[in-house]
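Colleague: Supplied structure: work19.txt, compact mmCIF, C-alpha atoms.
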# COMPACT_ATOMS: atom_id res chain seq x y z
CA ALA A 1 7.49 32.96 10.59
CA GLN A 2 10.97 33.66 11.82
CA SER A 3 12.57 37.07 11.43
CA VAL A 4 15.12 39.42 12.98
CA THR A 5 15.01 43.15 13.55
CA GLN A 6 18.08 45.28 14.01
CA LEU A 7 17.59 48.47 15.96
CA GLY A 8 19.60 51.38 14.60
CA SER A 9 20.77 51.58 11.03
CA HIS A 10 23.84 53.62 12.01
CA VAL A 11 25.94 53.58 15.16
CA SER A 12 28.85 55.86 15.89
CA VAL A 13 31.31 54.88 18.63
CA SER A 14 34.55 56.31 19.86
CA GLU A 15 37.69 54.25 19.63
CA GLY A 16 38.02 52.31 22.88
CA ALA A 17 34.34 52.59 23.77
CA LEU A 18 31.80 49.80 24.07
CA VAL A 19 30.19 48.58 20.88
CA LEU A 20 26.57 47.46 21.28
CA LEU A 21 24.51 46.38 18.30
CA ARG A 22 20.92 45.31 18.91
CA CYS A 23 19.08 42.41 17.35
CA ASN A 24 15.68 41.06 18.30
CA TYR A 25 14.19 37.92 16.86
CA SER A 26 10.71 36.64 16.27
CA SER A 27 10.32 32.89 16.31
CA SER A 28 7.89 30.31 17.61
CA VAL A 29 10.67 27.75 17.88
CA PRO A 30 14.21 28.00 19.25
CA PRO A 31 16.04 30.02 16.61
CA TYR A 32 19.51 29.62 15.19
CA LEU A 33 21.02 33.09 15.09
CA PHE A 34 24.07 34.54 13.41
CA TRP A 35 26.03 37.76 13.31
CA TYR A 36 27.94 38.58 10.12
CA VAL A 37 30.21 41.51 9.30
CA GLN A 38 30.70 43.08 5.89
CA TYR A 39 33.68 45.28 5.13
CA PRO A 40 33.46 47.64 2.14
CA ASN A 41 33.32 45.84 -1.19
CA GLN A 42 33.65 42.44 0.43
CA GLY A 43 31.40 39.50 1.16
CA LEU A 44 30.04 38.62 4.57
CA GLN A 45 32.17 37.07 7.28
CA LEU A 46 30.77 35.13 10.23
CA LEU A 47 31.42 36.71 13.62
CA LEU A 48 29.55 34.18 15.74
CA LYS A 49 26.47 31.99 15.89
CA TYR A 50 23.99 30.72 18.45
CA THR A 51 23.09 27.06 18.14
CA SER A 52 21.49 26.54 21.57
CA ALA A 53 24.65 25.04 23.11
CA ALA A 54 25.41 28.10 25.25
CA THR A 55 23.63 31.41 25.71
CA LEU A 56 26.83 33.47 25.76
CA VAL A 57 28.62 33.09 22.48
CA LYS A 58 32.14 34.32 21.84
CA GLY A 59 33.22 35.11 18.33
CA ILE A 60 36.14 36.48 16.40
CA ASN A 61 37.79 39.87 16.84
CA GLY A 62 36.68 40.18 20.46
CA PHE A 63 32.95 40.17 19.76
CA GLU A 64 30.40 38.27 21.80
CA ALA A 65 26.63 37.97 21.94
CA GLU A 66 24.17 36.77 24.53
CA PHE A 67 20.97 34.92 23.68
CA LYS A 68 18.17 36.08 25.97
CA LYS A 69 14.97 34.17 25.43
CA SER A 70 12.98 36.35 27.84
CA GLU A 71 13.86 39.43 25.81
CA THR A 72 13.94 37.67 22.40
CA SER A 73 17.29 39.32 21.86
CA PHE A 74 20.73 38.46 20.57
CA HIS A 75 22.71 41.68 20.96
CA LEU A 76 26.31 41.92 19.79
CA THR A 77 28.93 43.57 21.97
CA LYS A 78 32.62 44.37 22.02
CA PRO A 79 34.17 46.00 25.09
CA SER A 80 36.56 48.28 23.25
CA ALA A 81 36.07 49.50 19.69
CA HIS A 82 38.95 49.57 17.25
CA MET A 83 39.16 51.56 14.06
CA SER A 84 39.15 48.29 12.13
CA ASP A 85 35.65 47.52 13.45
CA ALA A 86 34.16 50.08 11.06
CA ALA A 87 31.90 47.99 8.85
CA GLU A 88 28.29 46.90 8.40
CA TYR A 89 26.93 44.26 10.73
CA PHE A 90 24.06 41.92 10.00
CA CYS A 91 22.02 39.77 12.32
CA ALA A 92 20.40 36.73 10.71
CA VAL A 93 18.18 33.78 11.54
CA SER A 94 18.43 30.44 9.80
CA VAL A 95 15.13 29.27 8.35
CA TRP A 96 15.53 25.70 7.13
CA GLY A 97 19.16 26.52 6.33
CA LYS A 98 18.40 29.75 4.47
CA LEU A 99 19.54 32.93 6.16
CA GLN A 100 17.05 35.71 6.70
CA PHE A 101 18.91 38.93 7.46
CA GLY A 102 18.13 42.07 9.37
CA ALA A 103 18.51 45.42 7.66
CA GLY A 104 22.05 45.88 8.94
CA THR A 105 23.81 48.37 11.19
CA GLN A 106 26.59 50.56 9.86
CA VAL A 107 29.27 51.15 12.49
CA VAL A 108 31.47 54.21 12.36
CA VAL A 109 34.44 54.42 14.72
CA THR A 110 35.76 57.88 15.56
CA PRO A 111 39.24 58.57 16.94
CA GLY B 1 42.34 26.90 1.59
CA ALA B 2 40.54 28.72 -1.17
CA GLY B 3 37.31 30.45 -0.31
CA VAL B 4 34.20 31.01 -2.38
CA SER B 5 34.98 32.79 -5.61
CA GLN B 6 32.63 34.65 -7.92
CA SER B 7 33.00 36.03 -11.39
CA PRO B 8 32.83 38.56 -12.80
CA SER B 9 33.37 40.97 -9.92
CA ASN B 10 31.53 43.67 -11.84
CA LYS B 11 29.09 43.45 -14.71
CA VAL B 12 27.50 46.31 -16.57
CA THR B 13 24.77 45.43 -19.02
CA GLU B 14 22.01 47.04 -20.98
CA LYS B 15 18.38 46.61 -20.11
CA GLY B 16 16.94 43.58 -21.87
CA LYS B 17 20.20 41.65 -22.13
CA ASP B 18 20.82 38.29 -20.45
CA VAL B 19 23.61 37.88 -17.89
CA GLU B 20 25.31 34.91 -16.26
CA LEU B 21 26.98 35.07 -12.89
CA ARG B 22 29.31 32.32 -11.73
CA CYS B 23 30.07 30.90 -8.31
CA ASP B 24 32.81 28.45 -7.33
CA PRO B 25 32.09 27.11 -3.84
CA ILE B 26 34.59 25.81 -1.33
CA SER B 27 35.74 22.37 -2.38
CA GLY B 28 33.69 19.63 -0.71
CA HIS B 29 30.81 21.88 0.29
CA THR B 30 27.52 20.31 -0.68
CA ALA B 31 25.29 23.31 0.01
CA LEU B 32 25.31 26.43 -2.15
CA TYR B 33 23.23 29.58 -1.79
CA TRP B 34 22.59 32.71 -3.81
CA TYR B 35 21.59 35.99 -2.16
CA ARG B 36 20.98 39.46 -3.51
CA GLN B 37 21.98 42.68 -1.77
CA SER B 38 20.34 45.89 -2.88
CA LEU B 39 19.80 49.30 -1.33
CA GLY B 40 16.06 49.01 -1.32
CA GLN B 41 15.60 45.39 -0.28
CA GLY B 42 18.66 44.62 1.82
CA LEU B 43 19.95 41.05 1.78
CA GLU B 44 17.53 38.58 0.24
CA PHE B 45 17.72 34.82 -0.24
CA LEU B 46 17.33 33.70 -3.85
CA ILE B 47 18.01 29.98 -4.24
CA TYR B 48 19.56 27.05 -2.35
CA PHE B 49 21.16 23.84 -3.61
CA GLN B 50 21.82 20.91 -1.30
CA GLY B 51 23.58 17.89 -2.75
CA ASN B 52 21.49 16.11 -5.36
CA SER B 53 18.17 17.36 -4.00
CA ALA B 54 15.89 19.61 -6.02
CA PRO B 55 16.89 23.24 -5.40
CA ASP B 56 14.84 25.51 -3.18
CA LYS B 57 13.84 28.29 -5.57
CA SER B 58 11.45 30.00 -3.20
CA GLY B 59 13.37 33.30 -3.19
CA LEU B 60 13.64 33.87 -6.92
CA PRO B 61 11.81 37.14 -7.65
CA SER B 62 10.57 36.25 -11.12
CA ASP B 63 10.80 33.63 -13.84
CA ARG B 64 13.54 35.68 -15.46
CA PHE B 65 15.86 34.33 -12.78
CA SER B 66 17.23 30.79 -12.89
CA ALA B 67 20.21 28.93 -11.54
CA GLU B 68 21.91 25.64 -12.03
CA ARG B 69 24.63 23.74 -10.32
CA THR B 70 26.69 21.40 -12.43
CA GLY B 71 28.40 18.35 -11.00
CA GLY B 72 27.55 19.43 -7.49
CA SER B 73 30.12 22.20 -7.65
CA VAL B 74 30.06 25.33 -9.79
CA SER B 75 26.82 27.28 -9.98
CA THR B 76 25.57 29.78 -12.53
CA LEU B 77 22.85 32.33 -11.85
CA THR B 78 21.18 33.53 -15.04
CA ILE B 79 19.04 36.63 -15.33
CA GLN B 80 17.15 36.97 -18.59
CA ARG B 81 15.91 40.24 -20.07
CA THR B 82 17.54 42.27 -17.32
CA GLN B 83 15.69 45.20 -15.80
CA GLN B 84 17.06 48.20 -13.94
CA GLU B 85 15.63 46.86 -10.68
CA ASP B 86 17.93 43.84 -11.05
CA SER B 87 20.90 46.09 -10.28
CA ALA B 88 22.38 44.76 -7.06
CA VAL B 89 25.26 42.80 -5.61
CA TYR B 90 24.74 39.07 -6.03
CA LEU B 91 26.38 37.04 -3.29
CA CYS B 92 27.10 33.34 -3.34
CA ALA B 93 27.73 31.26 -0.23
CA SER B 94 28.55 27.65 0.45
CA SER B 95 28.47 25.41 3.50
CA SER B 96 29.44 21.87 4.36
CA GLY B 97 25.82 20.74 4.45
CA LEU B 98 26.56 18.64 7.52
CA ALA B 99 24.92 20.73 10.23
CA GLY B 100 21.70 21.79 8.59
CA SER B 101 20.32 25.02 9.93
CA THR B 102 23.38 25.65 12.10
CA ASP B 103 25.84 25.37 9.21
CA THR B 104 28.19 28.30 8.76
CA GLN B 105 27.78 29.82 5.33
CA TYR B 106 30.95 31.16 3.74
CA PHE B 107 30.39 34.04 1.39
CA GLY B 108 32.12 35.06 -1.79
CA PRO B 109 33.00 38.69 -2.57
CA GLY B 110 29.95 39.12 -4.78
CA THR B 111 29.21 40.28 -8.32
CA ARG B 112 28.06 43.86 -8.67
CA LEU B 113 25.49 44.00 -11.48
CA THR B 114 24.54 47.33 -13.01
CA VAL B 115 21.72 47.44 -15.54
CA LEU B 116 21.68 50.60 -17.63
Could you render the structure from this file as structure tokens?
Modeller:
Amino acid sequence: AQSVTQLGSHVSVSEGALVLLRCNYSSSVPPYLFWYVQYPNQGLQLLLKYTSAATLVKGINGFEAEFKKSETSFHLTKPSAHMSDAAEYFCAVSVWGKLQFGAGTQVVVTP
Amino acid sequence: GAGVSQSPSNKVTEKGKDVELRCDPISGHTALYWYRQSLGQGLEFLIYFQGNSAPDKSGLPSDRFSAERTGGSVSTLTIQRTQQEDSAVYLCASSSGLAGSTDTQYFGPGTRLTVL
């Protein structure tokens, strides 16, 4: 069975600091992985996705993620946090087209 | 263009009542999904429609839950005899259906259901 695990339910970062959100996957086959962001009282918005074309994936709003098969990881990073990055972030794996989500990581950005 | 829309945005109902939640997908998208987001269970898949194929109902939590998609467009999620544990945000998503498991799913803003 395919699944994802997000490490850390809450992350606090200073404005301008590195944002690092961790996601590990479990899959016996090459997975298709996604990162979504959810702002308060809104739906989910795609940040980026891994479809096996390239291991380093660049997304919107300055985010990127690297697929590391040896570590079964797909961590999300952004070099410099902005106040507008405060939101909840979800890692997901596509299982026959259906998304299976991690528990989410709430990001707080402090001035 | 217009995104996925859902109505109502909020619904408060009494335990035991039936509710209907509506989803309007992005025009031309053949795939439509329903998910549920709750504090205790996180984000869970409920049901998936793809074109004219039989829907994948594997995520529906009980037989009180059903969904239909008329004319390959609008979808309605129906919950019968609502229970307090049904309180959650119900999210709808659609995708083009062209890329299978790598399709990007576009989400609506959700319907917040509160069962008293």
Colleague: By how many Å are atom CA of Gln38 of chain A and atom CA of Glu64 of chain A apart?
Modeller: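 Going from atom CA of Gln38 of chain A over to atom CA of Glu64 of chain A covers 16.6 Å.
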Colleague: Pick out the chain B residues within 12 Å of chain A. Count all atoms listed in the file. Give them as a PDB file with C-alpha atoms, keeping the file's coordinate frame.
Modeller:
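The resulting result-v3.pdb:
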ATOM      1  CA  GLY B   3      37.310  30.450  -0.310  1.00  0.00           C
ATOM      2  CA  VAL B   4      34.200  31.010  -2.380  1.00  0.00           C
ATOM      3  CA  SER B   5      34.980  32.790  -5.610  1.00  0.00           C
ATOM      4  CA  GLN B   6      32.630  34.650  -7.920  1.00  0.00           C
ATOM      5  CA  SER B   9      33.370  40.970  -9.920  1.00  0.00           C
ATOM      6  CA  ASN B  10      31.530  43.670 -11.840  1.00  0.00           C
ATOM      7  CA  ALA B  31      25.290  23.310   0.010  1.00  0.00           C
ATOM      8  CA  LEU B  32      25.310  26.430  -2.150  1.00  0.00           C
ATOM      9  CA  TYR B  33      23.230  29.580  -1.790  1.00  0.00           C
ATOM     10  CA  TRP B  34      22.590  32.710  -3.810  1.00  0.00           C
ATOM     11  CA  TYR B  35      21.590  35.990  -2.160  1.00  0.00           C
ATOM     12  CA  ARG B  36      20.980  39.460  -3.510  1.00  0.00           C
ATOM     13  CA  GLN B  37      21.980  42.680  -1.770  1.00  0.00           C
ATOM     14  CA  SER B  38      20.340  45.890  -2.880  1.00  0.00           C
ATOM     15  CA  LEU B  39      19.800  49.300  -1.330  1.00  0.00           C
ATOM     16  CA  GLY B  40      16.060  49.010  -1.320  1.00  0.00           C
ATOM     17  CA  GLN B  41      15.600  45.390  -0.280  1.00  0.00           C
ATOM     18  CA  GLY B  42      18.660  44.620   1.820  1.00  0.00           C
ATOM     19  CA  LEU B  43      19.950  41.050   1.780  1.00  0.00           C
ATOM     20  CA  GLU B  44      17.530  38.580   0.240  1.00  0.00           C
ATOM     21  CA  PHE B  45      17.720  34.820  -0.240  1.00  0.00           C
ATOM     22  CA  LEU B  46      17.330  33.700  -3.850  1.00  0.00           C
ATOM     23  CA  ILE B  47      18.010  29.980  -4.240  1.00  0.00           C
ATOM     24  CA  TYR B  48      19.560  27.050  -2.350  1.00  0.00           C
ATOM     25  CA  PHE B  49      21.160  23.840  -3.610  1.00  0.00           C
ATOM     26  CA  GLN B  50      21.820  20.910  -1.300  1.00  0.00           C
ATOM     27  CA  PRO B  55      16.890  23.240  -5.400  1.00  0.00           C
ATOM     28  CA  ASP B  56      14.840  25.510  -3.180  1.00  0.00           C
ATOM     29  CA  LYS B  57      13.840  28.290  -5.570  1.00  0.00           C
ATOM     30  CA  SER B  58      11.450  30.000  -3.200  1.00  0.00           C
ATOM     31  CA  GLY B  59      13.370  33.300  -3.190  1.00  0.00           C
ATOM     32  CA  VAL B  89      25.260  42.800  -5.610  1.00  0.00           C
ATOM     33  CA  TYR B  90      24.740  39.070  -6.030  1.00  0.00           C
ATOM     34  CA  LEU B  91      26.380  37.040  -3.290  1.00  0.00           C
ATOM     35  CA  CYS B  92      27.100  33.340  -3.340  1.00  0.00           C
ATOM     36  CA  ALA B  93      27.730  31.260  -0.230  1.00  0.00           C
ATOM     37  CA  SER B  94      28.550  27.650   0.450  1.00  0.00           C
ATOM     38  CA  SER B  95      28.470  25.410   3.500  1.00  0.00           C
ATOM     39  CA  SER B  96      29.440  21.870   4.360  1.00  0.00           C
ATOM     40  CA  GLY B  97      25.820  20.740   4.450  1.00  0.00           C
ATOM     41  CA  LEU B  98      26.560  18.640   7.520  1.00  0.00           C
ATOM     42  CA  ALA B  99      24.920  20.730  10.230  1.00  0.00           C
ATOM     43  CA  GLY B 100      21.700  21.790   8.590  1.00  0.00           C
ATOM     44  CA  SER B 101      20.320  25.020   9.930  1.00  0.00           C
ATOM     45  CA  THR B 102      23.380  25.650  12.100  1.00  0.00           C
ATOM     46  CA  ASP B 103      25.840  25.370   9.210  1.00  0.00           C
ATOM     47  CA  THR B 104      28.190  28.300   8.760  1.00  0.00           C
ATOM     48  CA  GLN B 105      27.780  29.820   5.330  1.00  0.00           C
ATOM     49  CA  TYR B 106      30.950  31.160   3.740  1.00  0.00           C
ATOM     50  CA  PHE B 107      30.390  34.040   1.390  1.00  0.00           C
ATOM     51  CA  GLY B 108      32.120  35.060  -1.790  1.00  0.00           C
ATOM     52  CA  PRO B 109      33.000  38.690  -2.570  1.00  0.00           C
ATOM     53  CA  GLY B 110      29.950  39.120  -4.780  1.00  0.00           C
ATOM     54  CA  THR B 111      29.210  40.280  -8.320  1.00  0.00           C
ATOM     55  CA  ARG B 112      28.060  43.860  -8.670  1.00  0.00           C
TER      56      ARG B 112
END
Colleague: When you draw a straight line from atom CA of Glu14 of chain B to atom CA of Arg81 of chain B, how long is it in Å?
Modeller: 9.2 Å
Colleague: B:Ala2, B:Ser53, B:Ser7, B:Gly72: which is nearest Val19 of chain B, counting only C-alpha atoms?
Modeller: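 Checking each candidate against Val19 of chain B, we get B:Ser7 as the closest.
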Colleague: Work out how far atom CA of Val37 of chain A is from atom CA of Lys11 of chain B, in Å to one decimal.
Modeller: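 Here the two named atoms are 24.1 Å from each other.
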Colleague: So that I can see what lies close to Ser73 of chain B, please list as a ChimeraX atom specification the residues with an atom at most 8 Å from it, counting all atoms listed in the file and leaving out residues fewer than 6 positions away in the same chain.
Modeller: /B:24-25,27,29-30
